[in-house]
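**Q** Below is a structure I'd like to ask you about.
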Amino acid sequence: MSNQLDKIKELIERRTEARNGGGEKAIAKQHEKGKYTARERIAMLLDEGSFEEMDMFVEHRCTNFGMAKKHYPGDGVVTGCGTIDGRLVYIFAQDFTVTAGSLSETMSLKICKIMDQALKMGAPVIGINDSGGARIQEGINALAGYAEIFQRNILASGVIPQISGIFGPCAGGAVYSPALTDFTLMMENTSYMFLTGPKVVKTVTGEDVTQEQLGGASVHSAKSGVTHFTASTEEEGLAMMRRLLSYIPQNNLEEAPYAECTDPIDRLEDSLNEIIPDSPNKPYDMYEVIGAIVDNGEFLEVQRDYSKNIIIGFARFNGQSVGIVANQPKYLAGVLDSNASRKAGRFVRFCDAFNIPIVSLVDVPGFLPGTGQEYNGVILHGAKLLYAYGEATVPKVTVTLRKSYGGSHIVMSCKQLRGDMNYAWPTAEIAVMGGAGAVEVLYAREAKDQENPAQFLAEKEAEYNKLFANPYNAAKYGYIDDVIEPRNTRFRIIRALQQLQTKKLTNPAKKHGNIPL
């Protein structure tokens with residue numbers, strides 16, 4: 001009997017050692033940086049008491065560079081499963097207190113195991129990255145470990161949701177796993193991502209740059225678009241992940257989750273009847289429109305600080321989760337450019353992969369002109385958004401509020417890209433181009449022969465606007481299904497989504513398309 005008790009005692013001691021990570025000193029150091037440990041993060045993220053750990057006693061197998069003497073149970077990563085709002089998720093959290101969270105062959109095996117499990121179970125994977133990179137002592141084995149993880153990220157893409165939290169350093173090869181996942185969240189001031197660090201940059205290019213300037217949260221949220229969310233505290237970041245998952249199904253075979261809705265379906269929003277300015281060149285705030293029509297004004301914006309001329313994010317209509325794509329006339333007049341097209345295109349493809357209906361709110365004057373955009377491949381980037389909308393088979397509801405001109409009209413979920421319900425406000429202007437530009441083309445020769453060319457062109461512009469700067473010309477051809485009163489927008493979107501719940505549409509059989517990358 002005592003022998004059995006001794007063995008149980010040994011188990012408890014081994015568990016205590018494993019849970020202690022790199023030891024009290026290393027944990028204190030982590031706390032001093034304003035960072036929590038891997039286990040503390042998992043406890044905050046998951047429902048209380050739901051975490052089931054796997055591979056607690058795994059140790060590395062490396063004997064080079066004195067590594068045979070350095071063994072920590074768990075080998076620098078905590079893996080397992082638990083629940084968020086009662087729904088199963090798989091998780092791995094790198095433990096910076098153990099060899100700076102560096103990736104070994106065995107760490108990658110632990111991570112791959114839970115990714116394989118998540119794929120079998122059809123449940124989301126959350127990765128919390130806090131690592132010094134590849135464990136140099138292991139050489140090629142560490143690189144092979146990264147590649148094994150990336151391969152699983154690729155196979156799981158579009159099958160189960162994948163979310164990355166960057167809660168510390170993430171450099172070199174390590175950055176590719178977050179880049180392959182659906183959403184990335186970075187911590188302000190304590191996390192960074194880059195392929196090559198400041199020292200290498202200085203050596204190769206002579207450029208002096210800090211870690212924050214090179215790959216901090218502010219850089220990736222506003223300039224590169226690499227990260228989708230930022231948070232100022234770890235508590236805020238983990239709460240954001242929980243909120244994000246509430247809009248997303250468990251896998252690609254399930255419907256997006258419903259929430260109970262107490263906001264009346266037929267709530268009229270009279271402010272919308274007056275929100276569009278009389279002058280077509282004056283801006284208004286699209287956030288006000290979104291807030292007015294979604295359930296309880298709740299909107300989880302994605303990539304808020306990147307390419308602000310387009311807005312993307314999640315909301316609910318009568319409890320149903322939807323993805324919203326909206327031009328923002330308050331920023332660069334809501335024009336589409338390379339970055340806005342990429343941002344919206346990727347979001348549309350995510351929603352389509354996971355059965356989340358897409359609501360598009362359109363006020364777009366065109367694509368941003370100039371050599372900067374053309375040299376940057378705006379044609380290809382614009383085609384990405386066009387491709388994403390045209391490929392999507394989920395319910396698509398489009399509301400044109402004001403401008404919808406030329407090529408930008410087409411790429412914003414028009415009828416011919418299989419938009420299911422396309423509505424317009426009475427203020428909508430759907431045409432090849434704006435009146436001023438159109439008459440310059442149509443009447444340039446005639447204007448030269450007039451006594452007062454400016455007055456002649458102004459009259460012709462007024463005629464053009466009467467003919468085309470309205471939604472009725474498009475409605476006449478059935479390209480707009482109905483012209484609606486702005487204050488009824490919420491009700492009409494909800495009715496459209498209810499009608500589209502049984503939508504069945506499949507694309508031609510193929511291995512995969514060749515999206516213009």
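Every chain in the structure tokens has a letter given in the order shown (A, B, ...), and although residue numbers restart at 1 in each chain, ligands are simply numbered from 1 in the order shown.
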Do a neighbour search on stretch 249-262 of chain A at 9 Å with only C-alpha atoms, toss out local chain neighbours closer than 6 positions, and write the hits as number ranges by chain.
**A** A: 87-89, 119, 122-124, 158-161, 295-296, 316-322, 353-357
**Q** Can you write out the residues you just picked, keeping N, CA and C atoms, as an mmCIF file, in the first residue's frame?
**A**
data_model
loop_
_atom_site.group_PDB
_atom_site.id
_atom_site.type_symbol
_atom_site.label_atom_id
_atom_site.label_comp_id
_atom_site.auth_asym_id
_atom_site.auth_seq_id
_atom_site.Cartn_x
_atom_site.Cartn_y
_atom_site.Cartn_z
ATOM 1 N N ARG A 87 -17.758 25.845 -25.390
ATOM 2 C CA ARG A 87 -17.411 25.237 -26.682
ATOM 3 C C ARG A 87 -15.950 24.791 -26.678
ATOM 4 N N LEU A 88 -15.705 23.595 -27.207
ATOM 5 C CA LEU A 88 -14.365 22.988 -27.187
ATOM 6 C C LEU A 88 -13.368 23.799 -28.013
ATOM 7 N N VAL A 89 -12.174 24.036 -27.434
ATOM 8 C CA VAL A 89 -11.057 24.623 -28.185
ATOM 9 C C VAL A 89 -9.775 23.892 -27.803
ATOM 10 N N LEU A 119 -8.216 19.132 -35.590
ATOM 11 C CA LEU A 119 -8.734 18.871 -36.932
ATOM 12 C C LEU A 119 -9.694 17.683 -36.924
ATOM 13 N N GLY A 122 -12.875 18.868 -35.136
ATOM 14 C CA GLY A 122 -13.569 20.020 -35.701
ATOM 15 C C GLY A 122 -13.708 21.137 -34.688
ATOM 16 N N ALA A 123 -12.589 21.512 -34.051
ATOM 17 C CA ALA A 123 -12.619 22.564 -33.027
ATOM 18 C C ALA A 123 -11.508 23.575 -33.312
ATOM 19 N N PRO A 124 -11.699 24.848 -32.900
ATOM 20 C CA PRO A 124 -10.686 25.878 -33.147
ATOM 21 C C PRO A 124 -9.371 25.589 -32.431
ATOM 22 N N GLY A 158 -9.334 27.098 -43.357
ATOM 23 C CA GLY A 158 -10.666 26.976 -43.954
ATOM 24 C C GLY A 158 -11.448 25.787 -43.443
ATOM 25 N N VAL A 159 -10.852 24.978 -42.556
ATOM 26 C CA VAL A 159 -11.546 23.812 -41.980
ATOM 27 C C VAL A 159 -11.911 24.091 -40.519
ATOM 28 N N ILE A 160 -10.913 24.553 -39.752
ATOM 29 C CA ILE A 160 -11.183 24.984 -38.371
ATOM 30 C C ILE A 160 -10.598 26.383 -38.179
ATOM 31 N N PRO A 161 -11.227 27.210 -37.358
ATOM 32 C CA PRO A 161 -10.656 28.541 -37.103
ATOM 33 C C PRO A 161 -9.322 28.426 -36.374
ATOM 34 N N ASP A 295 -27.431 44.529 -34.142
ATOM 35 C CA ASP A 295 -28.011 44.246 -32.820
ATOM 36 C C ASP A 295 -27.276 45.030 -31.739
ATOM 37 N N ASN A 296 -28.032 45.810 -30.982
ATOM 38 C CA ASN A 296 -27.515 46.538 -29.800
ATOM 39 C C ASN A 296 -26.280 47.396 -30.098
ATOM 40 N N ARG A 316 -24.082 41.208 -35.354
ATOM 41 C CA ARG A 316 -25.231 40.288 -35.418
ATOM 42 C C ARG A 316 -26.471 41.027 -35.907
ATOM 43 N N PHE A 317 -27.276 40.310 -36.656
ATOM 44 C CA PHE A 317 -28.596 40.794 -37.054
ATOM 45 C C PHE A 317 -29.620 39.777 -36.564
ATOM 46 N N ASN A 318 -30.467 40.187 -35.653
ATOM 47 C CA ASN A 318 -31.449 39.287 -35.037
ATOM 48 C C ASN A 318 -30.762 38.035 -34.482
ATOM 49 N N GLY A 319 -29.580 38.238 -33.863
ATOM 50 C CA GLY A 319 -28.857 37.136 -33.233
ATOM 51 C C GLY A 319 -27.956 36.348 -34.160
ATOM 52 N N GLN A 320 -28.083 36.580 -35.486
ATOM 53 C CA GLN A 320 -27.264 35.828 -36.447
ATOM 54 C C GLN A 320 -25.940 36.533 -36.684
ATOM 55 N N SER A 321 -24.855 35.785 -36.608
ATOM 56 C CA SER A 321 -23.518 36.332 -36.832
ATOM 57 C C SER A 321 -23.325 36.644 -38.307
ATOM 58 N N VAL A 322 -22.800 37.842 -38.607
ATOM 59 C CA VAL A 322 -22.500 38.223 -39.994
ATOM 60 C C VAL A 322 -21.141 38.923 -40.049
ATOM 61 N N ALA A 353 -15.507 30.787 -45.993
ATOM 62 C CA ALA A 353 -15.008 29.476 -45.554
ATOM 63 C C ALA A 353 -15.800 28.950 -44.360
ATOM 64 N N PHE A 354 -16.277 29.866 -43.506
ATOM 65 C CA PHE A 354 -16.924 29.432 -42.261
ATOM 66 C C PHE A 354 -18.414 29.777 -42.191
ATOM 67 N N ASN A 355 -19.053 29.846 -43.368
ATOM 68 C CA ASN A 355 -20.526 29.945 -43.437
ATOM 69 C C ASN A 355 -21.101 31.168 -42.734
ATOM 70 N N ILE A 356 -20.359 32.269 -42.785
ATOM 71 C CA ILE A 356 -20.837 33.501 -42.144
ATOM 72 C C ILE A 356 -21.339 34.435 -43.240
ATOM 73 N N PRO A 357 -22.635 34.794 -43.238
ATOM 74 C CA PRO A 357 -23.178 35.688 -44.280
ATOM 75 C C PRO A 357 -22.426 37.017 -44.303
#
**Q** Please return, as JSON, numbers by chain, all residues of stretch 277-505 of chain A that DSSP assigns to helix (DSSP H, G or I) on the basis of the backbone.
**A** {"A": [286, 287, 288, 289, 290, 291, 292, 293, 295, 296, 297, 332, 333, 334, 338, 339, 340, 341, 342, 343, 344, 345, 346, 347, 348, 349, 350, 351, 352, 353, 371, 372, 373, 374, 375, 378, 379, 380, 381, 382, 383, 384, 385, 386, 387, 388, 389, 390, 391, 406, 407, 408, 409, 410, 411, 415, 416, 417, 435, 436, 437, 438, 439, 440, 441, 442, 444, 445, 446, 447, 448, 453, 454, 455, 456, 457, 458, 459, 460, 461, 462, 463, 464, 465, 466, 467, 468, 472, 473, 474, 475, 476, 486, 487, 488, 489, 490, 491, 492, 493, 494, 495, 496, 497, 498, 499, 500, 501, 502]}
**Q** Just checking: using only C-alpha atoms, which residue out of A:Pro280, A:Pro365, A:Gly323, A:Pro395 ends up closest to A:Lys503?
**A**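 Smallest distance to A:Lys503 is found for A:Pro395.
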**Q** Determine, counting only C-alpha atoms, which protein, DNA and RNA residues have an atom within 9 Å of an atom of A:Glu148; residues of the same chain fewer than 4 positions away are not included. Present the result as a PDB file with N, CA and C atoms, in the first residue's frame.
**A**
ATOM      1  N   SER A 108       7.590  21.098 -31.001  1.00  0.00           N
ATOM      2  CA  SER A 108       6.775  21.085 -32.223  1.00  0.00           C
ATOM      3  C   SER A 108       5.882  19.844 -32.265  1.00  0.00           C
ATOM      4  N   LEU A 109       6.380  18.726 -31.770  1.00  0.00           N
ATOM      5  CA  LEU A 109       5.562  17.504 -31.735  1.00  0.00           C
ATOM      6  C   LEU A 109       4.348  17.688 -30.829  1.00  0.00           C
ATOM      7  N   CYS A 112       1.950  19.994 -32.742  1.00  0.00           N
ATOM      8  CA  CYS A 112       1.337  19.267 -33.861  1.00  0.00           C
ATOM      9  C   CYS A 112       0.281  18.286 -33.375  1.00  0.00           C
ATOM     10  N   LEU A 143      14.114  23.548 -37.175  1.00  0.00           N
ATOM     11  CA  LEU A 143      13.519  24.043 -38.426  1.00  0.00           C
ATOM     12  C   LEU A 143      12.469  23.076 -38.951  1.00  0.00           C
ATOM     13  N   ALA A 144      12.781  21.780 -38.884  1.00  0.00           N
ATOM     14  CA  ALA A 144      11.820  20.767 -39.329  1.00  0.00           C
ATOM     15  C   ALA A 144      10.546  20.858 -38.479  1.00  0.00           C
ATOM     16  N   ARG A 152       0.528  21.917 -40.968  1.00  0.00           N
ATOM     17  CA  ARG A 152      -0.780  21.722 -40.328  1.00  0.00           C
ATOM     18  C   ARG A 152      -1.625  22.995 -40.382  1.00  0.00           C
ATOM     19  N   ASN A 153      -0.967  24.163 -40.219  1.00  0.00           N
ATOM     20  CA  ASN A 153      -1.698  25.426 -40.391  1.00  0.00           C
ATOM     21  C   ASN A 153      -2.361  25.479 -41.765  1.00  0.00           C
TER      22      ASN A 153
END
**Q** Extract, using only C-alpha atoms, all DNA, RNA and protein residues at most 9 Å from stretch 81-84 of chain A, discarding same-chain residues fewer than 4 positions from it, and format them as a list in words.
**A**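 Result of the neighbour search: Leu45, Leu46, Asp47, Glu48, Gly49, Ser50, Phe51, Glu52, Glu53, Met54, Leu88, Val89, Tyr90, Ile91, Phe92, Ile114, Ala118, Arg242, Leu245 and Ser246 of chain A.
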**Q** Using only C-alpha atoms, which of A:Tyr405, A:Gly34, A:Phe491, A:Tyr247 sits nearest A:Asp263?
**A** A:Phe491
**Q** Go ahead and compute the interatomic distance for atom CA of A:Met186 and atom CA of A:His228, in Å to one decimal.
**A** 8.1 Å
**Q** Calculated over only C-alpha atoms, which of the candidates A:Arg349, A:Lys396, A:Lys33, A:His381 has the smallest distance to A:Leu500?
**A**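 With only C-alpha atoms as the atom set, the closest residue is A:Lys396.
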**Q** If you measure from atom CA of A:Ala431 to atom CA of A:Leu268, what distance in Å do you get, rounded to one decimal?
**A**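 About the pair atom CA of A:Ala431 and atom CA of A:Leu268: they are 29.1 Å apart.
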**Q** Could you tell me which of A:Gly165, A:Arg342, A:Leu244, A:Met286 comes closest to A:Ser224 if we count only C-alpha atoms?
**A**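 Among the listed residues, A:Arg342 lies closest to A:Ser224.
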